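**Q** I have a structure here, written as structure tokens, and I will follow up with some questions on it.
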Amino acid sequence: MLTTRFVTGAPNWLDVGTSDIDGATSFYEGLFGWQFQSAGPDAGGYGFFQLDGKTVAGGMQTTAEQGPPSWTVYFQSPDAEATAKTAEQSKGAVLVQPMDVMGEGHMAILADRAGVPFGLWQPARTKGLDLAGEPGSLCWVELYTPDIAAAAAFYNSVFGWETSAMPYPGGVYTCINPAGTEEEAMFGGMMPLADDPTEAESGAYWLPYFEVEDTDAVVSRAQGLGGKVRMPATDMEGVGRMAKLADPYGARFAVIKSAPRQT
């Protein structure tokens, strides 16, 4: 599972671009207890969602021209420029060129072969999120894609990811872990769009999962705060109880109370 012991190719940041940052702040505060902290006047309105003083995500107001409200997952790169070039050579695209972020690190926004956006974060002063894998923080990421084999090949060439197949009722789940790591370092998975009716019409994208202590209570709060339930709370044996949601502005995410780890 995801931790803050970040390694190359693993998620180390995420942020939400939204049409209403004040409204999104109110929603996520009510849902997870997050507080929004501005990054300052030079940051263009960007800020940090914090839980008990620890940064769990970023956020900013975006325009319609920048795309619909959505969450972006960033993966650790030792060299954002080199990784961006590799992505282009692997039939991906660079949407936002690598740039320095006030000495905190370098970022870029890329797209994979299916056009799915994702970010790069090359750490400097800011290594990544302060909290991961704990209630109220990022714990898993999932790619919905039309072609699992093509996606696996792309991300292997860009990050060196290794994949493994895990059977589940109704299909096979493709698990992801960073190059040369053990199963404990697994941080995400891939799902074919065609296998999931809740995703098939919405197009390929990365879905972040946040750990919670009570999935049903979070789903109820999300509805009360104006969010949308895209998949009701559902148990998956050995995995946990999960639900897919969207905030009031359309940014999609999921929550899960993970099953106890088998020892």
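Lettering and numbering for the structure tokens are positional, with chains as A, B, ... in the shown order, residues counted from 1 in each chain, and ligands counted from 1 in the shown order.
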I'd like the contact shell of Phe75 of chain A - 8 Å cut-off, only C-alpha atoms, skipping same-chain residues fewer than 2 positions apart - returned as a PyMOL selection string.

**A** chain A and resi 8-13+73+77+118-121

**Q** Quick one: residues within 12 Å of segment 2-7 of chain A, only C-alpha atoms counted, chain neighbours fewer than 6 positions away excluded, as number ranges by chain?

**A** A: 13, 54-56, 74-78, 121-123, 126-134, 137-141, 159-161, 176-181, 183-188, 208-211

**Q** Where does DSSP see alpha helix (DSSP H) in segment 99-254 of chain A, if you list the residues as a PyMOL selection string?

**A** chain A and resi 148-159+197-200+215-224

**Q** Those same residues - N, CA, C and O atoms - I'd like them written as a compact mmCIF listing (two decimals), in the first residue's frame.

**A**
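Done, and the output landed in result-v4.txt:
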```txt
# COMPACT_ATOMS: atom_id res chain seq x y z
N ILE A 148 -5.46 -2.36 -21.52
CA ILE A 148 -4.56 -2.63 -20.40
C ILE A 148 -3.14 -2.90 -20.88
O ILE A 148 -2.16 -2.38 -20.32
N ALA A 149 -2.99 -3.71 -21.92
CA ALA A 149 -1.65 -4.07 -22.40
C ALA A 149 -0.88 -2.84 -22.88
O ALA A 149 0.30 -2.68 -22.58
N ALA A 150 -1.57 -1.96 -23.61
CA ALA A 150 -0.91 -0.75 -24.11
C ALA A 150 -0.53 0.17 -22.96
O ALA A 150 0.56 0.76 -22.95
N ALA A 151 -1.42 0.29 -21.97
CA ALA A 151 -1.13 1.14 -20.81
C ALA A 151 0.04 0.58 -20.02
O ALA A 151 0.94 1.32 -19.60
N ALA A 152 0.05 -0.73 -19.80
CA ALA A 152 1.14 -1.35 -19.04
C ALA A 152 2.47 -1.14 -19.75
O ALA A 152 3.49 -0.84 -19.10
N ALA A 153 2.47 -1.27 -21.08
CA ALA A 153 3.71 -1.07 -21.84
C ALA A 153 4.18 0.38 -21.75
O ALA A 153 5.38 0.65 -21.59
N PHE A 154 3.24 1.32 -21.84
CA PHE A 154 3.60 2.73 -21.77
C PHE A 154 4.22 3.07 -20.42
O PHE A 154 5.32 3.65 -20.35
N TYR A 155 3.54 2.72 -19.34
CA TYR A 155 4.04 3.10 -18.02
C TYR A 155 5.30 2.33 -17.63
O TYR A 155 6.12 2.82 -16.85
N ASN A 156 5.45 1.13 -18.18
CA ASN A 156 6.70 0.40 -17.96
C ASN A 156 7.87 1.14 -18.60
O ASN A 156 8.95 1.27 -18.00
N SER A 157 7.65 1.66 -19.81
CA SER A 157 8.73 2.37 -20.49
C SER A 157 9.04 3.70 -19.81
O SER A 157 10.19 4.13 -19.78
N VAL A 158 8.01 4.35 -19.23
CA VAL A 158 8.20 5.67 -18.63
C VAL A 158 8.74 5.57 -17.20
O VAL A 158 9.65 6.30 -16.81
N PHE A 159 8.17 4.65 -16.41
CA PHE A 159 8.53 4.55 -14.99
C PHE A 159 9.17 3.23 -14.59
O PHE A 159 9.63 3.09 -13.46
N PRO A 197 -19.35 -0.69 -15.94
CA PRO A 197 -20.38 0.19 -16.51
C PRO A 197 -20.39 1.59 -15.90
O PRO A 197 -20.84 2.53 -16.53
N THR A 198 -19.88 1.75 -14.66
CA THR A 198 -19.86 3.08 -14.06
C THR A 198 -18.79 3.96 -14.68
O THR A 198 -18.81 5.18 -14.51
N GLU A 199 -17.84 3.36 -15.40
CA GLU A 199 -16.74 4.13 -15.97
C GLU A 199 -16.77 4.17 -17.50
O GLU A 199 -16.20 5.06 -18.11
N ALA A 200 -17.43 3.20 -18.13
CA ALA A 200 -17.32 3.02 -19.57
C ALA A 200 -17.71 4.27 -20.36
O ALA A 200 -17.12 4.56 -21.41
N THR A 215 -16.78 3.76 5.54
CA THR A 215 -17.17 4.07 4.16
C THR A 215 -18.61 4.57 4.08
O THR A 215 -18.89 5.56 3.40
N ASP A 216 -19.52 3.90 4.77
CA ASP A 216 -20.93 4.28 4.68
C ASP A 216 -21.16 5.68 5.23
O ASP A 216 -21.95 6.46 4.67
N ALA A 217 -20.48 6.02 6.32
CA ALA A 217 -20.64 7.36 6.90
C ALA A 217 -20.11 8.42 5.95
O ALA A 217 -20.72 9.50 5.80
N VAL A 218 -19.01 8.15 5.27
CA VAL A 218 -18.45 9.11 4.32
C VAL A 218 -19.38 9.28 3.12
O VAL A 218 -19.59 10.40 2.64
N VAL A 219 -19.94 8.19 2.63
CA VAL A 219 -20.88 8.28 1.52
C VAL A 219 -22.08 9.15 1.91
O VAL A 219 -22.52 10.01 1.15
N SER A 220 -22.60 8.94 3.11
CA SER A 220 -23.74 9.74 3.59
C SER A 220 -23.36 11.21 3.69
O SER A 220 -24.14 12.09 3.27
N ARG A 221 -22.18 11.49 4.22
CA ARG A 221 -21.74 12.89 4.34
C ARG A 221 -21.58 13.52 2.96
O ARG A 221 -21.94 14.68 2.74
N ALA A 222 -21.01 12.76 2.02
CA ALA A 222 -20.81 13.29 0.67
C ALA A 222 -22.14 13.71 0.05
O ALA A 222 -22.25 14.78 -0.57
N GLN A 223 -23.15 12.89 0.21
CA GLN A 223 -24.47 13.22 -0.33
C GLN A 223 -25.03 14.47 0.34
O GLN A 223 -25.58 15.35 -0.32
N GLY A 224 -24.86 14.57 1.65
CA GLY A 224 -25.36 15.73 2.38
C GLY A 224 -24.65 17.02 2.01
O GLY A 224 -25.21 18.10 2.14
```

**Q** Can you measure atom CA of Val239 of chain A to atom CA of Glu162 of chain A for me? One decimal in Å is fine.

**A**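 A separation of 20.2 Å between them.
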
**Q** Report the distance between atom CA of Phe32 of chain A and atom CA of Gly136 of chain A in Å, rounded to one decimal place.

**A**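 That distance, rounded to one decimal, is 5.5 Å.
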
**Q** What lies within 6 Å of segment 107-113 of chain A using only C-alpha atoms, ignoring chain neighbours under 4 positions off, as a ChimeraX atom specification?

**A** /A:91-99,117-121

**Q** For Glu65 of chain A, find every residue with an atom within 12 Å (counting only C-alpha atoms), except residues of its own chain fewer than 5 positions away, and show them as a PyMOL selection string.

**A** chain A and resi 17-19

**Q** Restricting the output to N, CA and C atoms, write the selected residues as a short mmCIF file (atom, residue, chain, number, x, y, z; two decimals), in the first residue's frame.

**A**
```
data_model
loop_
_atom_site.label_atom_id
_atom_site.label_comp_id
_atom_site.auth_asym_id
_atom_site.auth_seq_id
_atom_site.Cartn_x
_atom_site.Cartn_y
_atom_site.Cartn_z
N GLY A 17 -8.17 20.28 -9.50
CA GLY A 17 -8.50 21.51 -10.20
C GLY A 17 -10.00 21.63 -10.23
N THR A 18 -10.53 22.76 -9.79
CA THR A 18 -11.98 22.88 -9.61
C THR A 18 -12.47 24.25 -10.06
N SER A 19 -13.71 24.30 -10.44
CA SER A 19 -14.32 25.57 -10.86
C SER A 19 -14.66 26.47 -9.68
#
```

**Q** What is the atom CA of Lys257 of chain A to atom CA of Met236 of chain A distance in Å?

**A**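 That distance, rounded to one decimal, is 10.6 Å.
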
**Q** Just list as a count of residues only whatever in segment 21-97 of chain A DSSP marks as strand (DSSP E or B).

**A** 29

**Q** Name all residues at most 9 Å from Gly59 of chain A (count only C-alpha atoms; drop same-chain ones fewer than 3 positions away) and give them as a PDB file with all heavy atoms, in the first residue's frame.

**A**
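The file below, out-v6.pdb, is the result:
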```
ATOM      1  N   LEU A  14      -0.912  14.710  -5.308  1.00  0.00           N
ATOM      2  CA  LEU A  14      -2.119  14.823  -6.112  1.00  0.00           C
ATOM      3  C   LEU A  14      -2.758  16.157  -5.804  1.00  0.00           C
ATOM      4  O   LEU A  14      -2.540  16.742  -4.735  1.00  0.00           O
ATOM      5  CB  LEU A  14      -3.105  13.683  -5.863  1.00  0.00           C
ATOM      6  CG  LEU A  14      -4.046  13.742  -4.660  1.00  0.00           C
ATOM      7  CD1 LEU A  14      -5.188  12.749  -4.859  1.00  0.00           C
ATOM      8  CD2 LEU A  14      -3.321  13.441  -3.365  1.00  0.00           C
ATOM      9  N   ASP A  15      -3.526  16.661  -6.775  1.00  0.00           N
ATOM     10  CA  ASP A  15      -4.256  17.901  -6.547  1.00  0.00           C
ATOM     11  C   ASP A  15      -5.542  17.903  -7.348  1.00  0.00           C
ATOM     12  O   ASP A  15      -5.720  17.135  -8.294  1.00  0.00           O
ATOM     13  CB  ASP A  15      -3.401  19.150  -6.830  1.00  0.00           C
ATOM     14  CG  ASP A  15      -2.783  19.198  -8.208  1.00  0.00           C
ATOM     15  OD1 ASP A  15      -3.366  18.639  -9.158  1.00  0.00           O
ATOM     16  OD2 ASP A  15      -1.700  19.802  -8.351  1.00  0.00           O
ATOM     17  N   VAL A  16      -6.444  18.767  -6.916  1.00  0.00           N
ATOM     18  CA  VAL A  16      -7.727  18.904  -7.584  1.00  0.00           C
ATOM     19  C   VAL A  16      -7.791  20.273  -8.240  1.00  0.00           C
ATOM     20  O   VAL A  16      -7.449  21.291  -7.637  1.00  0.00           O
ATOM     21  CB  VAL A  16      -8.901  18.692  -6.596  1.00  0.00           C
ATOM     22  CG1 VAL A  16      -8.965  19.765  -5.531  1.00  0.00           C
ATOM     23  CG2 VAL A  16     -10.223  18.587  -7.350  1.00  0.00           C
ATOM     24  N   GLY A  17      -8.169  20.278  -9.498  1.00  0.00           N
ATOM     25  CA  GLY A  17      -8.497  21.511 -10.201  1.00  0.00           C
ATOM     26  C   GLY A  17     -10.004  21.631 -10.227  1.00  0.00           C
ATOM     27  O   GLY A  17     -10.703  20.690 -10.624  1.00  0.00           O
ATOM     28  N   THR A  18     -10.533  22.763  -9.791  1.00  0.00           N
ATOM     29  CA  THR A  18     -11.975  22.883  -9.608  1.00  0.00           C
ATOM     30  C   THR A  18     -12.469  24.249 -10.063  1.00  0.00           C
ATOM     31  O   THR A  18     -11.723  25.231 -10.042  1.00  0.00           O
ATOM     32  CB  THR A  18     -12.354  22.650  -8.133  1.00  0.00           C
ATOM     33  OG1 THR A  18     -13.767  22.809  -7.959  1.00  0.00           O
ATOM     34  CG2 THR A  18     -11.616  23.619  -7.207  1.00  0.00           C
ATOM     35  N   ILE A  21     -12.946  26.824  -5.881  1.00  0.00           N
ATOM     36  CA  ILE A  21     -12.046  26.343  -4.827  1.00  0.00           C
ATOM     37  C   ILE A  21     -12.654  26.550  -3.440  1.00  0.00           C
ATOM     38  O   ILE A  21     -12.460  25.718  -2.541  1.00  0.00           O
ATOM     39  CB  ILE A  21     -10.643  26.994  -4.937  1.00  0.00           C
ATOM     40  CG1 ILE A  21      -9.649  26.301  -3.984  1.00  0.00           C
ATOM     41  CG2 ILE A  21     -10.708  28.485  -4.690  1.00  0.00           C
ATOM     42  CD1 ILE A  21      -9.394  24.848  -4.268  1.00  0.00           C
ATOM     43  N   ALA A  24     -15.168  23.755  -3.066  1.00  0.00           N
ATOM     44  CA  ALA A  24     -14.467  22.474  -2.909  1.00  0.00           C
ATOM     45  C   ALA A  24     -13.846  22.369  -1.525  1.00  0.00           C
ATOM     46  O   ALA A  24     -13.877  21.309  -0.891  1.00  0.00           O
ATOM     47  CB  ALA A  24     -13.397  22.329  -3.990  1.00  0.00           C
ATOM     48  N   THR A  25     -13.286  23.489  -1.049  1.00  0.00           N
ATOM     49  CA  THR A  25     -12.708  23.501   0.296  1.00  0.00           C
ATOM     50  C   THR A  25     -13.766  23.145   1.332  1.00  0.00           C
ATOM     51  O   THR A  25     -13.524  22.339   2.240  1.00  0.00           O
ATOM     52  CB  THR A  25     -12.118  24.891   0.597  1.00  0.00           C
ATOM     53  OG1 THR A  25     -11.026  25.136  -0.288  1.00  0.00           O
ATOM     54  CG2 THR A  25     -11.642  24.988   2.028  1.00  0.00           C
ATOM     55  N   PHE A  36      -7.820  24.124   4.167  1.00  0.00           N
ATOM     56  CA  PHE A  36      -7.096  24.629   2.996  1.00  0.00           C
ATOM     57  C   PHE A  36      -6.157  25.750   3.410  1.00  0.00           C
ATOM     58  O   PHE A  36      -6.567  26.703   4.072  1.00  0.00           O
ATOM     59  CB  PHE A  36      -8.078  25.134   1.939  1.00  0.00           C
ATOM     60  CG  PHE A  36      -7.426  25.491   0.627  1.00  0.00           C
ATOM     61  CD1 PHE A  36      -6.954  24.509  -0.216  1.00  0.00           C
ATOM     62  CD2 PHE A  36      -7.305  26.817   0.236  1.00  0.00           C
ATOM     63  CE1 PHE A  36      -6.362  24.825  -1.431  1.00  0.00           C
ATOM     64  CE2 PHE A  36      -6.708  27.152  -0.981  1.00  0.00           C
ATOM     65  CZ  PHE A  36      -6.242  26.148  -1.815  1.00  0.00           C
ATOM     66  N   GLY A  45      -2.962  31.192  -6.615  1.00  0.00           N
ATOM     67  CA  GLY A  45      -4.174  30.648  -6.013  1.00  0.00           C
ATOM     68  C   GLY A  45      -4.041  29.204  -5.562  1.00  0.00           C
ATOM     69  O   GLY A  45      -4.980  28.646  -4.981  1.00  0.00           O
ATOM     70  N   TYR A  46      -2.899  28.586  -5.841  1.00  0.00           N
ATOM     71  CA  TYR A  46      -2.688  27.195  -5.431  1.00  0.00           C
ATOM     72  C   TYR A  46      -2.575  27.127  -3.915  1.00  0.00           C
ATOM     73  O   TYR A  46      -2.104  28.064  -3.261  1.00  0.00           O
ATOM     74  CB  TYR A  46      -1.396  26.657  -6.050  1.00  0.00           C
ATOM     75  CG  TYR A  46      -1.255  25.153  -6.029  1.00  0.00           C
ATOM     76  CD1 TYR A  46      -1.738  24.376  -7.082  1.00  0.00           C
ATOM     77  CD2 TYR A  46      -0.633  24.500  -4.976  1.00  0.00           C
ATOM     78  CE1 TYR A  46      -1.598  23.002  -7.083  1.00  0.00           C
ATOM     79  CE2 TYR A  46      -0.493  23.122  -4.963  1.00  0.00           C
ATOM     80  CZ  TYR A  46      -0.978  22.377  -6.015  1.00  0.00           C
ATOM     81  OH  TYR A  46      -0.845  21.009  -6.009  1.00  0.00           O
ATOM     82  N   GLY A  47      -3.024  26.013  -3.348  1.00  0.00           N
ATOM     83  CA  GLY A  47      -2.920  25.838  -1.912  1.00  0.00           C
ATOM     84  C   GLY A  47      -2.891  24.379  -1.543  1.00  0.00           C
ATOM     85  O   GLY A  47      -2.921  23.487  -2.405  1.00  0.00           O
ATOM     86  N   PHE A  48      -2.841  24.126  -0.237  1.00  0.00           N
ATOM     87  CA  PHE A  48      -2.665  22.771   0.271  1.00  0.00           C
ATOM     88  C   PHE A  48      -3.818  22.386   1.182  1.00  0.00           C
ATOM     89  O   PHE A  48      -4.191  23.145   2.084  1.00  0.00           O
ATOM     90  CB  PHE A  48      -1.347  22.670   1.056  1.00  0.00           C
ATOM     91  CG  PHE A  48      -0.151  23.159   0.282  1.00  0.00           C
ATOM     92  CD1 PHE A  48       0.470  24.349   0.636  1.00  0.00           C
ATOM     93  CD2 PHE A  48       0.332  22.456  -0.805  1.00  0.00           C
ATOM     94  CE1 PHE A  48       1.562  24.816  -0.074  1.00  0.00           C
ATOM     95  CE2 PHE A  48       1.419  22.918  -1.530  1.00  0.00           C
ATOM     96  CZ  PHE A  48       2.041  24.092  -1.166  1.00  0.00           C
ATOM     97  N   PHE A  49      -4.359  21.198   0.942  1.00  0.00           N
ATOM     98  CA  PHE A  49      -5.318  20.614   1.871  1.00  0.00           C
ATOM     99  C   PHE A  49      -4.521  19.897   2.952  1.00  0.00           C
ATOM    100  O   PHE A  49      -3.650  19.071   2.649  1.00  0.00           O
ATOM    101  CB  PHE A  49      -6.239  19.625   1.159  1.00  0.00           C
ATOM    102  CG  PHE A  49      -7.231  20.280   0.244  1.00  0.00           C
ATOM    103  CD1 PHE A  49      -7.088  20.204  -1.134  1.00  0.00           C
ATOM    104  CD2 PHE A  49      -8.326  20.965   0.764  1.00  0.00           C
ATOM    105  CE1 PHE A  49      -8.011  20.803  -1.981  1.00  0.00           C
ATOM    106  CE2 PHE A  49      -9.261  21.560  -0.074  1.00  0.00           C
ATOM    107  CZ  PHE A  49      -9.096  21.488  -1.452  1.00  0.00           C
ATOM    108  N   TRP A  71      -9.290  15.389 -10.370  1.00  0.00           N
ATOM    109  CA  TRP A  71      -8.097  15.104  -9.588  1.00  0.00           C
ATOM    110  C   TRP A  71      -6.969  14.668 -10.521  1.00  0.00           C
ATOM    111  O   TRP A  71      -7.203  13.907 -11.461  1.00  0.00           O
ATOM    112  CB  TRP A  71      -8.372  13.991  -8.578  1.00  0.00           C
ATOM    113  CG  TRP A  71      -9.113  14.466  -7.360  1.00  0.00           C
ATOM    114  CD1 TRP A  71     -10.460  14.403  -7.133  1.00  0.00           C
ATOM    115  CD2 TRP A  71      -8.533  15.077  -6.203  1.00  0.00           C
ATOM    116  NE1 TRP A  71     -10.762  14.946  -5.915  1.00  0.00           N
ATOM    117  CE2 TRP A  71      -9.598  15.364  -5.306  1.00  0.00           C
ATOM    118  CE3 TRP A  71      -7.232  15.409  -5.832  1.00  0.00           C
ATOM    119  CZ2 TRP A  71      -9.389  15.969  -4.080  1.00  0.00           C
ATOM    120  CZ3 TRP A  71      -7.021  16.012  -4.605  1.00  0.00           C
ATOM    121  CH2 TRP A  71      -8.083  16.279  -3.740  1.00  0.00           C
TER     122      TRP A  71
END
```

**Q** What lies within 7 Å of Ala204 of chain A using only C-alpha atoms, ignoring chain neighbours under 3 positions off, as a list in words?

**A** Val116, Tyr144, Thr145, Pro146 and Leu193 of chain A

**Q** Just C-alpha atoms for this one: save the residues we selected as a PDB file, in the first residue's frame.

**A**
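Now in selection38.pdb:
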```pdb
ATOM      1  CA  VAL A 116      -5.140  10.195 -19.771  1.00  0.00           C
ATOM      2  CA  TYR A 144      -9.409   3.074 -16.149  1.00  0.00           C
ATOM      3  CA  THR A 145      -8.177   2.502 -19.694  1.00  0.00           C
ATOM      4  CA  PRO A 146      -9.444   1.005 -22.960  1.00  0.00           C
ATOM      5  CA  LEU A 193     -13.083   0.523 -19.185  1.00  0.00           C
TER       6      LEU A 193
END
```

**Q** With only C-alpha atoms as the counted atoms, please give the residues lying no more than 9 Å from Gly33 of chain A, apart from itself and same-chain residues fewer than 2 positions off, as a list in words.

**A** Tyr28, Glu29, Gly30, Leu31, Gln35, Gln50, Leu51, Asp52 and Gly136 of chain A

**Q** Would you mind exporting the chosen residues as a PDB file, in the first residue's frame, restricted to all heavy atoms?

**A**
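Resulting contents of again_12.pdb:
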```pdb
ATOM      1  N   TYR A  28     -14.622  19.252   1.027  1.00  0.00           N
ATOM      2  CA  TYR A  28     -13.621  18.314   1.551  1.00  0.00           C
ATOM      3  C   TYR A  28     -13.361  18.516   3.039  1.00  0.00           C
ATOM      4  O   TYR A  28     -12.988  17.564   3.734  1.00  0.00           O
ATOM      5  CB  TYR A  28     -12.331  18.411   0.725  1.00  0.00           C
ATOM      6  CG  TYR A  28     -12.501  17.847  -0.669  1.00  0.00           C
ATOM      7  CD1 TYR A  28     -12.560  18.688  -1.783  1.00  0.00           C
ATOM      8  CD2 TYR A  28     -12.648  16.478  -0.872  1.00  0.00           C
ATOM      9  CE1 TYR A  28     -12.743  18.169  -3.061  1.00  0.00           C
ATOM     10  CE2 TYR A  28     -12.842  15.947  -2.137  1.00  0.00           C
ATOM     11  CZ  TYR A  28     -12.888  16.806  -3.236  1.00  0.00           C
ATOM     12  OH  TYR A  28     -13.081  16.285  -4.496  1.00  0.00           O
ATOM     13  N   GLU A  29     -13.589  19.719   3.535  1.00  0.00           N
ATOM     14  CA  GLU A  29     -13.508  19.920   4.977  1.00  0.00           C
ATOM     15  C   GLU A  29     -14.613  19.139   5.682  1.00  0.00           C
ATOM     16  O   GLU A  29     -14.377  18.457   6.690  1.00  0.00           O
ATOM     17  CB  GLU A  29     -13.613  21.406   5.329  1.00  0.00           C
ATOM     18  CG  GLU A  29     -13.543  21.664   6.830  1.00  0.00           C
ATOM     19  CD  GLU A  29     -13.640  23.141   7.187  1.00  0.00           C
ATOM     20  OE1 GLU A  29     -13.666  23.987   6.269  1.00  0.00           O
ATOM     21  OE2 GLU A  29     -13.679  23.433   8.399  1.00  0.00           O
ATOM     22  N   GLY A  30     -15.820  19.223   5.126  1.00  0.00           N
ATOM     23  CA  GLY A  30     -16.928  18.485   5.718  1.00  0.00           C
ATOM     24  C   GLY A  30     -16.778  16.984   5.578  1.00  0.00           C
ATOM     25  O   GLY A  30     -17.222  16.216   6.442  1.00  0.00           O
ATOM     26  N   LEU A  31     -16.148  16.556   4.486  1.00  0.00           N
ATOM     27  CA  LEU A  31     -16.036  15.122   4.212  1.00  0.00           C
ATOM     28  C   LEU A  31     -14.903  14.473   4.996  1.00  0.00           C
ATOM     29  O   LEU A  31     -15.085  13.428   5.625  1.00  0.00           O
ATOM     30  CB  LEU A  31     -15.810  14.910   2.715  1.00  0.00           C
ATOM     31  CG  LEU A  31     -16.023  13.483   2.211  1.00  0.00           C
ATOM     32  CD1 LEU A  31     -17.486  13.077   2.348  1.00  0.00           C
ATOM     33  CD2 LEU A  31     -15.576  13.364   0.745  1.00  0.00           C
ATOM     34  N   GLN A  35      -8.309  21.104   5.973  1.00  0.00           N
ATOM     35  CA  GLN A  35      -8.252  22.557   6.005  1.00  0.00           C
ATOM     36  C   GLN A  35      -7.404  23.023   4.815  1.00  0.00           C
ATOM     37  O   GLN A  35      -6.392  22.406   4.497  1.00  0.00           O
ATOM     38  CB  GLN A  35      -7.611  23.042   7.308  1.00  0.00           C
ATOM     39  CG  GLN A  35      -8.364  22.599   8.564  1.00  0.00           C
ATOM     40  CD  GLN A  35      -9.678  23.319   8.748  1.00  0.00           C
ATOM     41  OE1 GLN A  35      -9.780  24.508   8.471  1.00  0.00           O
ATOM     42  NE2 GLN A  35     -10.697  22.607   9.221  1.00  0.00           N
ATOM     43  N   GLN A  50      -4.830  20.226   4.211  1.00  0.00           N
ATOM     44  CA  GLN A  50      -4.084  19.657   5.322  1.00  0.00           C
ATOM     45  C   GLN A  50      -5.019  18.976   6.310  1.00  0.00           C
ATOM     46  O   GLN A  50      -6.159  19.395   6.501  1.00  0.00           O
ATOM     47  CB  GLN A  50      -3.268  20.736   6.028  1.00  0.00           C
ATOM     48  CG  GLN A  50      -2.206  21.352   5.121  1.00  0.00           C
ATOM     49  CD  GLN A  50      -1.297  22.320   5.841  1.00  0.00           C
ATOM     50  OE1 GLN A  50      -1.737  23.024   6.757  1.00  0.00           O
ATOM     51  NE2 GLN A  50      -0.036  22.368   5.440  1.00  0.00           N
ATOM     52  N   LEU A  51      -4.510  17.920   6.909  1.00  0.00           N
ATOM     53  CA  LEU A  51      -5.223  17.181   7.937  1.00  0.00           C
ATOM     54  C   LEU A  51      -4.320  17.144   9.166  1.00  0.00           C
ATOM     55  O   LEU A  51      -3.212  16.589   9.106  1.00  0.00           O
ATOM     56  CB  LEU A  51      -5.535  15.766   7.447  1.00  0.00           C
ATOM     57  CG  LEU A  51      -6.373  14.883   8.373  1.00  0.00           C
ATOM     58  CD1 LEU A  51      -7.762  15.485   8.592  1.00  0.00           C
ATOM     59  CD2 LEU A  51      -6.489  13.475   7.801  1.00  0.00           C
ATOM     60  N   ASP A  52      -4.758  17.764  10.227  1.00  0.00           N
ATOM     61  CA  ASP A  52      -3.944  17.863  11.446  1.00  0.00           C
ATOM     62  C   ASP A  52      -2.561  18.431  11.143  1.00  0.00           C
ATOM     63  O   ASP A  52      -1.543  17.968  11.669  1.00  0.00           O
ATOM     64  CB  ASP A  52      -3.808  16.495  12.119  1.00  0.00           C
ATOM     65  CG  ASP A  52      -5.155  15.936  12.577  1.00  0.00           C
ATOM     66  OD1 ASP A  52      -6.032  16.752  12.946  1.00  0.00           O
ATOM     67  OD2 ASP A  52      -5.344  14.714  12.548  1.00  0.00           O
ATOM     68  N   GLY A 136      -8.207   9.651   5.699  1.00  0.00           N
ATOM     69  CA  GLY A 136      -8.223  11.023   5.206  1.00  0.00           C
ATOM     70  C   GLY A 136      -7.126  11.337   4.212  1.00  0.00           C
ATOM     71  O   GLY A 136      -6.966  12.496   3.828  1.00  0.00           O
TER      72      GLY A 136
END
```
